[in-house]
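Asks: Just input-v2.cif, nothing more (mmCIF, C-alpha atoms and all ligand atoms):
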```cif
data_my_file
#
loop_
_atom_site.label_atom_id
_atom_site.label_comp_id
_atom_site.auth_asym_id
_atom_site.auth_seq_id
_atom_site.Cartn_x
_atom_site.Cartn_y
_atom_site.Cartn_z
CA MET X 140 9.48 16.58 -16.92
CA ARG X 141 11.07 13.36 -15.64
CA GLU X 142 14.47 13.64 -14.02
CA PRO X 143 16.78 10.81 -15.05
CA ILE X 144 18.55 8.81 -12.36
CA SER X 145 21.80 7.58 -13.81
CA SER X 146 22.80 4.90 -11.34
CA CYS X 147 20.50 2.47 -9.62
CA ALA X 148 21.64 1.22 -6.25
CA LEU X 149 19.78 -2.07 -6.41
CA SER X 150 21.44 -5.34 -5.44
CA PRO X 151 20.97 -8.27 -7.87
CA ASP X 152 17.64 -9.23 -6.30
CA GLY X 153 16.39 -5.66 -6.56
CA LEU X 154 16.81 -4.69 -2.92
CA SER X 155 18.48 -1.46 -1.88
CA PRO X 156 21.60 -2.14 0.24
CA SER X 157 19.55 -1.65 3.43
CA GLY X 158 17.18 -4.38 2.27
CA GLU X 159 14.27 -1.94 1.93
CA ARG X 160 12.07 -1.80 -1.16
CA ALA X 161 9.28 0.47 0.06
CA PHE X 162 9.89 4.16 0.77
CA LEU X 163 6.95 4.24 3.20
CA LYS X 164 5.84 2.07 6.08
CA TRP X 165 2.07 1.55 5.80
CA ALA X 166 -0.60 0.01 8.04
CA GLY X 167 -1.47 -3.36 6.51
CA GLY X 168 1.68 -3.24 4.32
CA LYS X 169 2.34 -6.61 2.72
CA ARG X 170 6.13 -6.82 2.94
CA GLN X 171 6.25 -9.80 5.30
CA LEU X 172 3.53 -11.69 3.40
CA ILE X 173 5.32 -11.49 0.05
CA PRO X 174 6.59 -15.12 -0.12
CA GLN X 175 3.06 -16.39 0.62
CA LEU X 176 1.45 -14.01 -1.89
CA VAL X 177 4.02 -14.90 -4.57
CA SER X 178 3.20 -18.59 -4.12
CA LEU X 179 -0.44 -17.72 -4.95
CA LEU X 180 0.18 -15.59 -8.08
CA PRO X 181 -1.23 -16.47 -11.50
CA PRO X 182 1.08 -16.32 -14.54
CA ILE X 183 1.56 -12.66 -15.56
CA LEU X 184 2.56 -12.50 -19.22
CA PRO X 185 4.44 -9.47 -20.61
CA GLU X 186 1.31 -8.40 -22.54
CA ASN X 187 -0.84 -8.42 -19.37
CA SER X 188 -1.34 -5.41 -17.12
CA TYR X 189 -0.86 -5.52 -13.35
CA PHE X 190 -3.43 -3.48 -11.37
CA GLU X 191 -2.97 -2.57 -7.70
CA PRO X 192 -5.88 -0.27 -6.70
CA PHE X 193 -5.19 -0.16 -2.91
CA LEU X 194 -1.54 0.73 -3.37
CA GLY X 195 -0.45 1.97 0.11
CA SER X 196 3.31 1.40 0.25
CA GLY X 197 3.10 -0.90 -2.81
CA ALA X 198 5.04 -3.77 -1.25
CA LEU X 199 3.88 -6.41 -3.76
CA PHE X 200 4.28 -4.13 -6.80
CA LEU X 201 7.85 -3.23 -5.79
CA HIS X 202 8.69 -6.88 -5.25
CA LEU X 203 7.27 -7.91 -8.63
CA VAL X 204 9.31 -5.25 -10.44
CA ALA X 205 12.49 -5.91 -8.44
CA THR X 206 12.36 -9.63 -9.20
CA GLY X 207 11.46 -9.14 -12.87
CA LEU X 208 8.01 -10.74 -12.58
CA ILE X 209 6.54 -7.59 -14.16
CA LYS X 210 7.96 -4.56 -15.96
CA PRO X 211 7.08 -1.07 -14.65
CA THR X 212 5.20 -0.38 -17.91
CA GLN X 213 2.70 -3.15 -17.05
CA ALA X 214 1.69 -1.48 -13.77
CA ARG X 215 -1.56 0.49 -13.20
CA LEU X 216 -1.33 1.72 -9.61
CA SER X 217 -3.89 3.67 -7.60
CA ASP X 218 -5.20 4.53 -4.14
CA ASN X 219 -7.88 6.96 -2.98
CA ASN X 220 -5.44 8.82 -0.71
CA GLU X 221 -4.63 11.86 -2.83
CA LYS X 222 -1.56 12.89 -0.78
CA LEU X 223 -0.15 9.36 -0.96
CA MET X 224 -0.60 9.18 -4.74
CA ALA X 225 0.91 12.67 -5.12
CA ALA X 226 3.94 11.33 -3.22
CA TRP X 227 4.24 8.31 -5.56
CA THR X 228 3.97 10.66 -8.56
CA ASP X 229 6.64 12.99 -7.18
CA VAL X 230 8.96 10.02 -6.57
CA GLN X 231 8.30 8.96 -10.17
CA THR X 232 8.87 12.36 -11.78
CA LYS X 233 10.63 14.79 -9.36
CA ILE X 234 12.90 12.63 -7.24
CA GLY X 235 15.71 15.25 -7.08
CA GLU X 236 13.40 17.87 -5.56
CA VAL X 237 11.93 15.38 -3.06
CA ILE X 238 15.42 14.37 -1.84
CA GLU X 239 16.50 18.01 -1.58
CA HIS X 240 13.46 18.89 0.60
CA LEU X 241 14.10 15.81 2.76
CA GLN X 242 17.73 16.82 3.25
CA ASN X 243 16.60 20.29 4.40
CA ILE X 244 14.08 18.75 6.81
CA ALA X 245 16.70 16.34 8.20
CA ALA X 246 19.24 19.15 8.67
CA ASN X 247 16.80 21.03 10.92
CA TYR X 248 15.32 18.04 12.76
CA ASN X 249 16.32 17.21 16.31
CA HIS X 250 15.24 13.66 17.21
CA ALA X 251 15.44 14.43 20.92
CA ASP X 252 12.97 17.33 20.73
CA PRO X 253 9.28 16.32 20.40
CA ALA X 254 8.42 19.89 19.33
CA CYS X 255 10.32 19.28 16.06
CA TYR X 256 7.99 16.41 15.17
CA TYR X 257 4.83 18.41 15.95
CA ALA X 258 6.13 21.39 13.95
CA LEU X 259 6.59 19.08 10.92
CA ARG X 260 3.08 17.71 11.43
CA ASP X 261 1.61 21.25 11.54
CA ARG X 262 3.52 22.21 8.39
CA TYR X 263 2.16 19.13 6.61
CA ASN X 264 -1.42 19.80 7.72
CA THR X 265 -1.28 23.44 6.63
CA CYS X 266 0.35 22.72 3.24
CA SER X 267 -2.56 23.82 1.08
CA GLU X 268 -1.13 22.57 -2.20
CA SER X 269 0.38 19.39 -3.49
CA GLY X 270 4.06 19.61 -4.37
CA THR X 271 7.39 18.06 -3.58
CA GLU X 272 7.62 19.88 -0.24
CA ARG X 273 4.38 18.23 0.96
CA THR X 274 5.64 14.87 -0.32
CA ALA X 275 8.91 15.30 1.58
CA LEU X 276 6.94 16.18 4.74
CA LEU X 277 4.78 13.06 4.29
CA ILE X 278 7.90 10.87 3.99
CA ALA X 279 9.63 12.57 6.94
CA LEU X 280 6.52 12.13 9.13
CA ASN X 281 6.29 8.49 8.06
CA LYS X 282 9.87 7.98 9.28
CA THR X 283 9.34 9.76 12.60
CA CYS X 284 5.72 9.13 13.64
CA PHE X 285 4.39 6.31 15.82
CA ASN X 286 4.84 2.98 13.99
CA GLY X 287 4.95 4.64 10.55
CA LEU X 288 1.18 4.86 10.72
CA TYR X 289 -0.77 7.08 8.31
CA ARG X 290 -4.08 8.14 9.81
CA GLU X 291 -6.33 11.11 9.13
CA SER X 292 -9.00 12.68 11.35
CA LYS X 293 -12.56 13.28 10.08
CA LYS X 294 -11.34 16.74 9.01
CA GLY X 295 -8.61 15.15 6.88
CA LEU X 296 -5.75 16.14 9.20
CA PHE X 297 -2.82 13.77 9.79
CA ASN X 298 -3.06 13.04 13.52
CA VAL X 299 -0.48 10.35 14.38
CA PRO X 300 1.67 11.11 17.46
CA ARG X 301 5.46 11.12 17.49
CA GLY X 302 7.29 7.79 17.34
CA ASN X 303 10.05 6.88 19.74
CA TYR X 304 13.06 6.48 17.43
CA LYS X 305 16.66 7.24 18.42
CA ASN X 306 17.88 7.90 14.90
CA PRO X 307 15.19 7.70 12.20
CA ASN X 308 16.38 7.67 8.58
CA ILE X 309 14.58 10.74 7.30
CA VAL X 310 16.28 10.68 3.87
CA PRO X 311 15.94 7.10 2.51
CA GLU X 312 17.80 8.21 -0.62
CA THR X 313 18.85 4.80 -1.97
CA THR X 314 15.36 3.35 -1.55
CA LEU X 315 13.77 6.42 -3.14
CA LYS X 316 16.05 6.15 -6.17
CA ALA X 317 15.28 2.44 -6.53
CA VAL X 318 11.52 3.15 -6.32
CA HIS X 319 11.92 5.98 -8.86
CA ILE X 320 13.38 3.49 -11.33
CA ALA X 321 10.71 0.88 -10.56
CA LEU X 322 8.06 3.49 -11.47
CA GLN X 323 9.33 4.52 -14.91
CA GLY X 324 6.45 3.84 -17.31
CA ALA X 325 3.96 2.88 -14.58
CA GLU X 326 0.52 4.55 -14.66
CA LEU X 327 -0.45 6.28 -11.38
CA THR X 328 -4.02 7.39 -10.63
CA THR X 329 -5.84 8.76 -7.59
CA GLY X 330 -9.32 7.45 -6.91
CA SER X 331 -11.53 4.77 -5.52
CA PHE X 332 -10.75 1.15 -6.36
CA GLU X 333 -13.19 0.83 -9.29
CA LYS X 334 -11.67 3.74 -11.18
CA THR X 335 -9.03 2.03 -13.32
CA LEU X 336 -10.60 -1.39 -13.75
CA ASP X 337 -12.82 -0.68 -16.77
CA TRP X 338 -9.64 -1.17 -18.80
CA ALA X 339 -8.78 -4.60 -17.36
CA LYS X 340 -8.66 -7.24 -20.12
CA PRO X 341 -8.82 -11.05 -19.94
CA GLY X 342 -5.50 -12.35 -18.58
CA ASP X 343 -4.68 -9.11 -16.73
CA PHE X 344 -4.03 -9.44 -13.00
CA VAL X 345 -5.51 -7.36 -10.16
CA TYR X 346 -4.24 -7.47 -6.58
CA PHE X 347 -6.81 -6.00 -4.16
CA ASP X 348 -5.55 -5.20 -0.66
CA PRO X 349 -8.40 -3.17 0.89
CA PRO X 350 -8.61 -2.01 4.51
CA TYR X 351 -9.44 -5.20 6.39
CA GLU X 352 -12.81 -5.96 7.93
CA PRO X 353 -12.04 -5.93 11.69
CA LEU X 354 -12.10 -9.24 13.56
CA SER X 355 -13.39 -7.35 16.59
CA GLN X 356 -14.31 -3.75 17.34
CA SER X 357 -11.01 -3.13 19.18
CA SER X 358 -8.87 -4.49 16.32
CA SER X 359 -10.36 -2.10 13.80
CA PHE X 360 -7.95 0.11 11.84
CA ARG X 361 -9.60 1.70 8.84
CA ALA X 362 -8.74 5.37 9.26
CA TYR X 363 -6.18 5.66 6.42
CA HIS X 364 -8.45 8.31 5.00
CA LYS X 365 -11.15 10.54 6.43
CA ASN X 366 -13.84 8.51 4.57
CA GLY X 367 -12.89 5.11 6.07
CA PHE X 368 -13.96 1.78 4.49
CA ASN X 369 -17.19 0.13 5.63
CA ARG X 370 -19.17 -3.06 4.92
CA THR X 371 -20.94 -1.46 1.95
CA ASP X 372 -17.49 -0.79 0.45
CA GLN X 373 -16.52 -4.44 1.09
CA GLN X 374 -19.72 -5.52 -0.70
CA ARG X 375 -19.02 -3.21 -3.67
CA LEU X 376 -15.56 -4.72 -3.89
CA ALA X 377 -16.93 -8.29 -3.84
CA GLU X 378 -19.31 -7.36 -6.70
CA LEU X 379 -16.38 -5.99 -8.67
CA VAL X 380 -14.43 -9.23 -8.11
CA ASP X 381 -17.46 -11.07 -9.48
CA GLN X 382 -17.58 -8.88 -12.62
CA LEU X 383 -13.83 -9.23 -13.19
CA THR X 384 -14.11 -13.02 -12.83
CA LYS X 385 -16.80 -13.05 -15.52
CA ARG X 386 -14.52 -10.95 -17.77
CA GLY X 387 -11.61 -13.42 -17.40
CA VAL X 388 -9.44 -11.07 -15.32
CA ASN X 389 -7.26 -12.82 -12.68
CA VAL X 390 -7.88 -11.49 -9.17
CA MET X 391 -6.09 -11.99 -5.86
CA LEU X 392 -7.56 -10.28 -2.77
CA SER X 393 -6.35 -10.03 0.83
CA ASN X 394 -8.59 -9.50 3.84
CA SER X 395 -9.14 -10.66 7.40
CA THR X 396 -10.82 -13.97 8.21
CA ALA X 397 -13.89 -12.16 9.63
CA PRO X 398 -17.05 -14.25 9.02
CA PHE X 399 -18.57 -11.34 7.03
CA ILE X 400 -15.69 -11.55 4.53
CA ILE X 401 -15.74 -15.35 4.25
CA GLN X 402 -19.45 -15.12 3.38
CA LEU X 403 -18.78 -12.47 0.73
CA TYR X 404 -16.48 -14.79 -1.23
CA PRO X 405 -18.30 -18.13 -1.62
CA GLN X 406 -16.00 -20.91 -2.90
CA ARG X 407 -18.71 -22.18 -5.23
CA ASP X 408 -18.35 -19.16 -7.54
CA GLY X 409 -14.97 -20.34 -8.81
CA LEU X 410 -13.23 -18.53 -5.96
CA ARG X 411 -10.57 -20.21 -3.84
CA LEU X 412 -9.92 -19.20 -0.24
CA HIS X 413 -6.42 -19.59 1.20
CA ARG X 414 -5.22 -18.86 4.73
CA VAL X 415 -1.84 -17.21 5.28
CA THR X 416 -0.05 -16.32 8.52
CA ALA X 417 1.04 -12.75 9.25
CA THR X 418 2.52 -10.94 12.21
CA ARG X 419 0.75 -7.67 12.76
CA PHE X 420 2.40 -4.83 14.69
CA ILE X 421 0.00 -1.93 14.22
CA ASN X 422 -2.68 -2.52 16.81
CA SER X 423 -3.90 -0.14 19.48
CA ASN X 424 -3.81 -3.00 22.00
CA LYS X 425 -0.20 -4.17 22.32
CA ASP X 426 -1.29 -7.51 23.82
CA LYS X 427 -2.96 -8.33 20.51
CA ARG X 428 0.26 -8.10 18.46
CA GLY X 429 1.50 -11.38 17.09
CA ALA X 430 0.79 -14.14 14.56
CA ILE X 431 -2.61 -13.92 12.94
CA GLN X 432 -4.34 -15.81 10.13
CA GLU X 433 -5.38 -13.74 7.13
CA LEU X 434 -7.40 -14.60 4.06
CA VAL X 435 -6.28 -14.57 0.42
CA VAL X 436 -8.99 -15.09 -2.20
CA THR X 437 -8.07 -16.05 -5.77
CA ASN X 438 -10.38 -16.54 -8.75
CA TYR X 439 -7.92 -18.90 -10.49
CA LYS X 440 -6.42 -22.27 -9.73
CA ILE X 441 -3.02 -22.45 -8.08
CA ASN X 442 -0.88 -25.44 -7.01
CA ALA X 443 -2.90 -28.22 -5.39
CA ASP X 444 -0.61 -28.19 -2.33
CA SER X 445 -1.45 -24.60 -1.32
CA PRO X 446 -3.21 -24.35 2.04
CA LYS X 447 -7.01 -24.04 1.67
CA THR X 448 -9.63 -23.05 4.21
C1 LIG X 501 -4.22 -2.44 3.52
S1 LIG X 501 -3.75 -0.91 2.81
C2 LIG X 501 -2.81 -1.41 1.42
C3 LIG X 501 -1.42 -1.80 1.83
C4 LIG X 501 -0.51 -2.10 0.65
N1 LIG X 501 -0.85 -3.34 0.01
C5 LIG X 501 0.94 -2.13 1.11
O1 LIG X 501 1.65 -3.11 0.90
O2 LIG X 501 1.35 -1.14 1.72
C6 LIG X 501 -5.22 -0.30 2.13
C7 LIG X 501 -5.10 0.93 1.26
O3 LIG X 501 -6.38 1.20 0.69
C8 LIG X 501 -6.55 2.59 0.53
N2 LIG X 501 -8.01 2.83 0.41
C9 LIG X 501 -8.96 2.93 1.37
N3 LIG X 501 -10.19 3.07 0.83
C10 LIG X 501 -10.02 3.04 -0.51
C11 LIG X 501 -10.91 3.13 -1.63
N4 LIG X 501 -12.23 3.28 -1.47
N5 LIG X 501 -10.39 3.06 -2.88
C12 LIG X 501 -9.05 2.94 -3.07
N6 LIG X 501 -8.15 2.86 -2.05
C13 LIG X 501 -8.63 2.91 -0.79
C14 LIG X 501 -5.89 3.18 1.76
O4 LIG X 501 -5.49 4.52 1.49
C15 LIG X 501 -4.68 2.22 1.97
O5 LIG X 501 -3.54 2.74 1.34
#
```
For the structure just supplied, provide its representation as structure tokens.

Replies:
Amino acid sequence: MREPISSCALSPDGLSPSGERAFLKWAGGKRQLIPQLVSLLPPILPENSYFEPFLGSGALFLHLVATGLIKPTQARLSDNNEKLMAAWTDVQTKIGEVIEHLQNIAANYNHADPACYYALRDRYNTCSESGTERTALLIALNKTCFNGLYRESKKGLFNVPRGNYKNPNIVPETTLKAVHIALQGAELTTGSFEKTLDWAKPGDFVYFDPPYEPLSQSSSFRAYHKNGFNRTDQQRLAELVDQLTKRGVNVMLSNSTAPFIIQLYPQRDGLRLHRVTATRFINSNKDKRGAIQELVVTNYKINADSPKT
């Protein structure tokens, strides 16, 4: 049963007082690209659905709800990371329990003692069942691990080392309550990206944000999940974009500017390729952090003055 939240601590533009919309930090999260993505959106009418099948921390979804561009009831959200989607579902339906577990974790956590972090990580990896305790552990690890990274080993174990924070906010209560409200009426599903899209109708909008094709071997980060995301997956995704285009569904897709990706989305098929600039922080090589060009593909026309490749 859903627990009601009586007061929403959102500012007029939908931000929590700390300015945060997402309750998780996620590799490839789109928070800083939002103004550029918003400038490339198609019209989303109230009768259209909004699909986000690589949800991660849901930066664009949360922005669209907070700014009134969509209502939560229009959203069909999914990701193939079962623990991540269980966390979104718990924030949607059992927010009180999640916050209570987080408060207990925070009360027993000593930031100065690395052993505390590794004990949390062991508890998370040995949690055999989904539930609000596992969700709270996932959130607490996200706040205390290196760079807020979520990465699993081939055996499916979370293996990110401890982050170096003086005072991490383990209980992001205001943000969690705001996200809880943003999710009321949204449909949440776990599964691969094709799973929900049979229901997409003409005029609906899909935002695809898959793991990026690496620009070089050393820049590769695709280990969100033990199964990874390879070139065959990128090709399956491009075929799906093609089918959706034929069905009149509006699609926006983010990826790297790797030549393999540019070739997958030929402009002649009604697709438009736009370059946006992002600053990326999650990279194993710290010298490679900084401004980088990324690709946004749309299958609809946007303003003539948008930057094109
Ligand atoms: C680049 S991240 C998305 C980031 C998100 N847009 C945000 O703002 O945080 C890619 C996401 O795709 C998910 N993923 C990887 N392979 C997938 C698949 N085959 N089907 C669905 N989701 C997948 C990962 O779990 C990860 O959350």

Asks: Do you know which residues are within 7 Å of ligand LIG 501 (chain X) using all atoms listed in the file? Can you write them as a ChimeraX atom specification?

Replies: /X:165-170,192-199,217-220,330-332,348-351,363-364,367-368,372

Asks: Which value, in Å to one decimal, gives the distance between CA of Glu433 (chain X) and CA of His413 (chain X)?

Replies: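 Distance reported for this atom pair: 8.4 Å.
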
Asks: So how many Å separate CA of Phe190 (chain X) and CA of Ala279 (chain X), to one decimal?

Replies: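 About the pair CA of Phe190 (chain X) and CA of Ala279 (chain X): they are 27.6 Å apart.
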
Asks: When you look at Phe399 (chain X) with a cut-off of 10 Å (counting all atoms listed in the file), what residues show up, excluding the ones that are within fewer than 6 positions of it in the same chain? I need them as a PDB file with C-alpha atoms, in the coordinates of the input.

Replies:
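Once everything was written out, this is out.pdb:
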```pdb
ATOM      1  CA  GLU X 352     -12.810  -5.960   7.930  1.00  0.00           C
ATOM      2  CA  PRO X 353     -12.040  -5.930  11.690  1.00  0.00           C
ATOM      3  CA  LEU X 354     -12.100  -9.240  13.560  1.00  0.00           C
ATOM      4  CA  ARG X 370     -19.170  -3.060   4.920  1.00  0.00           C
ATOM      5  CA  GLN X 373     -16.520  -4.440   1.090  1.00  0.00           C
ATOM      6  CA  GLN X 374     -19.720  -5.520  -0.700  1.00  0.00           C
TER       7      GLN X 374
END
```

Asks: What is the CA of His202 (chain X)-CA of Val177 (chain X) distance in Å, reported with one decimal?

Replies: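 Straight-line distance from CA of His202 (chain X) to CA of Val177 (chain X) works out to 9.3 Å.
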
Asks: At a cut-off of 12 Å, can you tabulate as CSV every residue of region 235-354 of chain X near region 221-231 of chain X together with its closest atom pair and the distance in Å to one decimal, using all atoms listed in the file and ordering rows by chain then number?

Replies:
```
residue,atom,partner,partner_atom,distance
X:Gly235,CA,X:Val230,CA,8.6
X:Glu236,CA,X:Asp229,CA,8.5
X:Val237,CA,X:Val230,CA,7.1
X:Ile238,CA,X:Val230,CA,9.1
X:His240,CA,X:Asp229,CA,11.9
X:Tyr263,CA,X:Lys222,CA,10.4
X:Asn264,CA,X:Lys222,CA,11.0
X:Cys266,CA,X:Lys222,CA,10.8
X:Ser267,CA,X:Lys222,CA,11.1
X:Glu268,CA,X:Lys222,CA,9.8
X:Ser269,CA,X:Ala225,CA,6.9
X:Gly270,CA,X:Asp229,CA,7.6
X:Thr271,CA,X:Asp229,CA,6.3
X:Glu272,CA,X:Ala226,CA,9.8
X:Arg273,CA,X:Ala226,CA,8.1
X:Thr274,CA,X:Ala226,CA,4.9
X:Ala275,CA,X:Ala226,CA,8.0
X:Leu276,CA,X:Ala226,CA,9.8
X:Leu277,CA,X:Ala226,CA,7.8
X:Ile278,CA,X:Ala226,CA,8.2
X:Ala279,CA,X:Ala226,CA,11.7
X:Asn281,CA,X:Leu223,CA,11.1
X:Tyr289,CA,X:Leu223,CA,9.6
X:Arg290,CA,X:Leu223,CA,11.5
X:Glu291,CA,X:Lys222,CA,11.1
X:Gly295,CA,X:Lys222,CA,10.7
X:Leu296,CA,X:Lys222,CA,11.3
X:Phe297,CA,X:Lys222,CA,10.7
X:Pro311,CA,X:Val230,CA,11.8
X:Glu312,CA,X:Val230,CA,10.8
X:Thr314,CA,X:Val230,CA,10.5
X:Leu315,CA,X:Val230,CA,6.9
X:Lys316,CA,X:Val230,CA,8.1
X:Ala317,CA,X:Val230,CA,9.9
X:Val318,CA,X:Val230,CA,7.3
X:His319,CA,X:Gln231,CA,4.9
X:Ile320,CA,X:Gln231,CA,7.6
X:Ala321,CA,X:Gln231,CA,8.4
X:Leu322,CA,X:Gln231,CA,5.6
X:Gln323,CA,X:Gln231,CA,6.6
X:Gly324,CA,X:Gln231,CA,9.0
X:Ala325,CA,X:Gln231,CA,8.7
X:Glu326,CA,X:Thr228,CA,9.3
X:Leu327,CA,X:Thr228,CA,6.8
X:Thr328,CA,X:Met224,CA,7.0
X:Thr329,CA,X:Glu221,CA,5.8
X:Gly330,CA,X:Glu221,CA,7.6
X:Ser331,CA,X:Glu221,CA,10.3
```

Asks: Counting only C-alpha atoms, which residue out of X:Gln382, X:Thr232, X:Asn249, X:Thr313 sits closest to Leu336 (chain X)?

Replies: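 Answer, going by the shortest atom-to-atom distance: X:Gln382.
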
Asks: Could you list as a PyMOL selection string every residue that has an atom within 10 Å of (-12.0, -14.5, -16.6), using the file's coordinates and counting all atoms listed in the file?

Replies: chain X and resi 340-343+381-390+438-439

Asks: Which residue out of X:Ile183, X:Ala397, X:Leu412, X:Ala245 has the minimum interatomic distance to Ile431 (chain X) when all atoms listed in the file are used?

Replies: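 With all atoms listed in the file as the atom set, the closest residue is X:Ala397.
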
Asks: So, with only C-alpha atoms as the atoms that count, which of X:Phe162, X:Val299, X:Ile209, X:Ala246 lies closest to Pro182 (chain X)?

Replies: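 Using only C-alpha atoms, the shortest distance to Pro182 (chain X) belongs to X:Ile209.
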
Asks: Go through X:Thr396, X:Asn298, X:Asn306, X:Gln402 and flag the residue nearest Ala417 (chain X), using all atoms listed in the file for the distances.

Replies: X:Thr396

Asks: Every residue with an atom at most 8 Å from (2.1, -15.9, 7.3) (file coordinates; all atoms listed in the file) is what I'm after, so could you write them as a CSV table (one decimal) with C-alpha atoms, in the coordinates of the input?

Replies:
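The resulting file, out.csv, is shown below:
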```
chain,number,residue,atom,x,y,z
X,171,GLN,CA,6.2,-9.8,5.3
X,172,LEU,CA,3.5,-11.7,3.4
X,175,GLN,CA,3.1,-16.4,0.6
X,415,VAL,CA,-1.8,-17.2,5.3
X,416,THR,CA,0.0,-16.3,8.5
X,417,ALA,CA,1.0,-12.8,9.2
X,418,THR,CA,2.5,-10.9,12.2
X,430,ALA,CA,0.8,-14.1,14.6
X,431,ILE,CA,-2.6,-13.9,12.9
X,432,GLN,CA,-4.3,-15.8,10.1
X,433,GLU,CA,-5.4,-13.7,7.1
```

Asks: Smallest atom-to-atom distance to Ala161 (chain X): which of X:Val204, X:Thr283, X:Pro253, X:Leu180, using all atoms listed in the file?

Replies: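 Distance minimum relative to Ala161 (chain X) lands on X:Val204.
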
Asks: Quick one: 3 Å padding each side, axis-aligned, all listed atoms of region 404-407 of chain X - centre and edge lengths in Å to one decimal, as JSON?

Replies:
```
{"center_x": -17.4, "center_y": -18.5, "center_z": -3.2, "size_x": 8.7, "size_y": 13.4, "size_z": 10.0}
```

Asks: Using all atoms listed in the file, which residue out of X:Phe285, X:Thr335, X:Gly409, X:Asn187 lies closest to Gln213 (chain X)?

Replies: X:Asn187

Asks: Please fill the gaps in region 244-261 of chain X so it has N, CA and C atoms, and write that as a tab-separated table (two decimals), in the coordinates of the input.

Replies:
```
chain	number	residue	atom	x	y	z
X	244	ILE	N	14.84	19.11	5.60
X	244	ILE	CA	14.08	18.75	6.81
X	244	ILE	C	15.02	18.07	7.81
X	245	ALA	N	15.81	17.11	7.31
X	245	ALA	CA	16.70	16.34	8.20
X	245	ALA	C	17.73	17.26	8.87
X	246	ALA	N	18.21	18.26	8.12
X	246	ALA	CA	19.24	19.15	8.67
X	246	ALA	C	18.70	19.96	9.84
X	247	ASN	N	17.38	20.20	9.85
X	247	ASN	CA	16.80	21.03	10.92
X	247	ASN	C	16.03	20.21	11.95
X	248	TYR	N	16.13	18.89	11.87
X	248	TYR	CA	15.32	18.04	12.76
X	248	TYR	C	16.15	17.52	13.92
X	249	ASN	N	15.63	17.72	15.12
X	249	ASN	CA	16.32	17.21	16.31
X	249	ASN	C	15.48	16.07	16.89
X	250	HIS	N	16.02	14.83	16.77
X	250	HIS	CA	15.24	13.66	17.21
X	250	HIS	C	14.85	13.74	18.68
X	251	ALA	N	15.68	14.42	19.47
X	251	ALA	CA	15.44	14.43	20.92
X	251	ALA	C	14.34	15.42	21.31
X	252	ASP	N	13.91	16.27	20.37
X	252	ASP	CA	12.97	17.33	20.73
X	252	ASP	C	11.58	17.06	20.12
X	253	PRO	N	10.61	16.62	20.93
X	253	PRO	CA	9.28	16.32	20.40
X	253	PRO	C	8.66	17.49	19.62
X	254	ALA	N	9.02	18.73	20.01
X	254	ALA	CA	8.42	19.89	19.33
X	254	ALA	C	8.76	19.88	17.84
X	255	CYS	N	9.93	19.33	17.48
X	255	CYS	CA	10.32	19.28	16.06
X	255	CYS	C	9.33	18.44	15.27
X	256	TYR	N	8.94	17.29	15.86
X	256	TYR	CA	7.99	16.41	15.17
X	256	TYR	C	6.66	17.15	14.98
X	257	TYR	N	6.16	17.79	16.05
X	257	TYR	CA	4.83	18.41	15.95
X	257	TYR	C	4.86	19.64	15.02
X	258	ALA	N	6.02	20.27	14.91
X	258	ALA	CA	6.13	21.39	13.95
X	258	ALA	C	6.04	20.85	12.52
X	259	LEU	N	6.68	19.69	12.26
X	259	LEU	CA	6.59	19.08	10.92
X	259	LEU	C	5.14	18.72	10.61
X	260	ARG	N	4.48	18.14	11.62
X	260	ARG	CA	3.08	17.71	11.43
X	260	ARG	C	2.18	18.92	11.12
X	261	ASP	N	2.40	20.05	11.82
X	261	ASP	CA	1.61	21.25	11.54
X	261	ASP	C	1.89	21.76	10.13
```
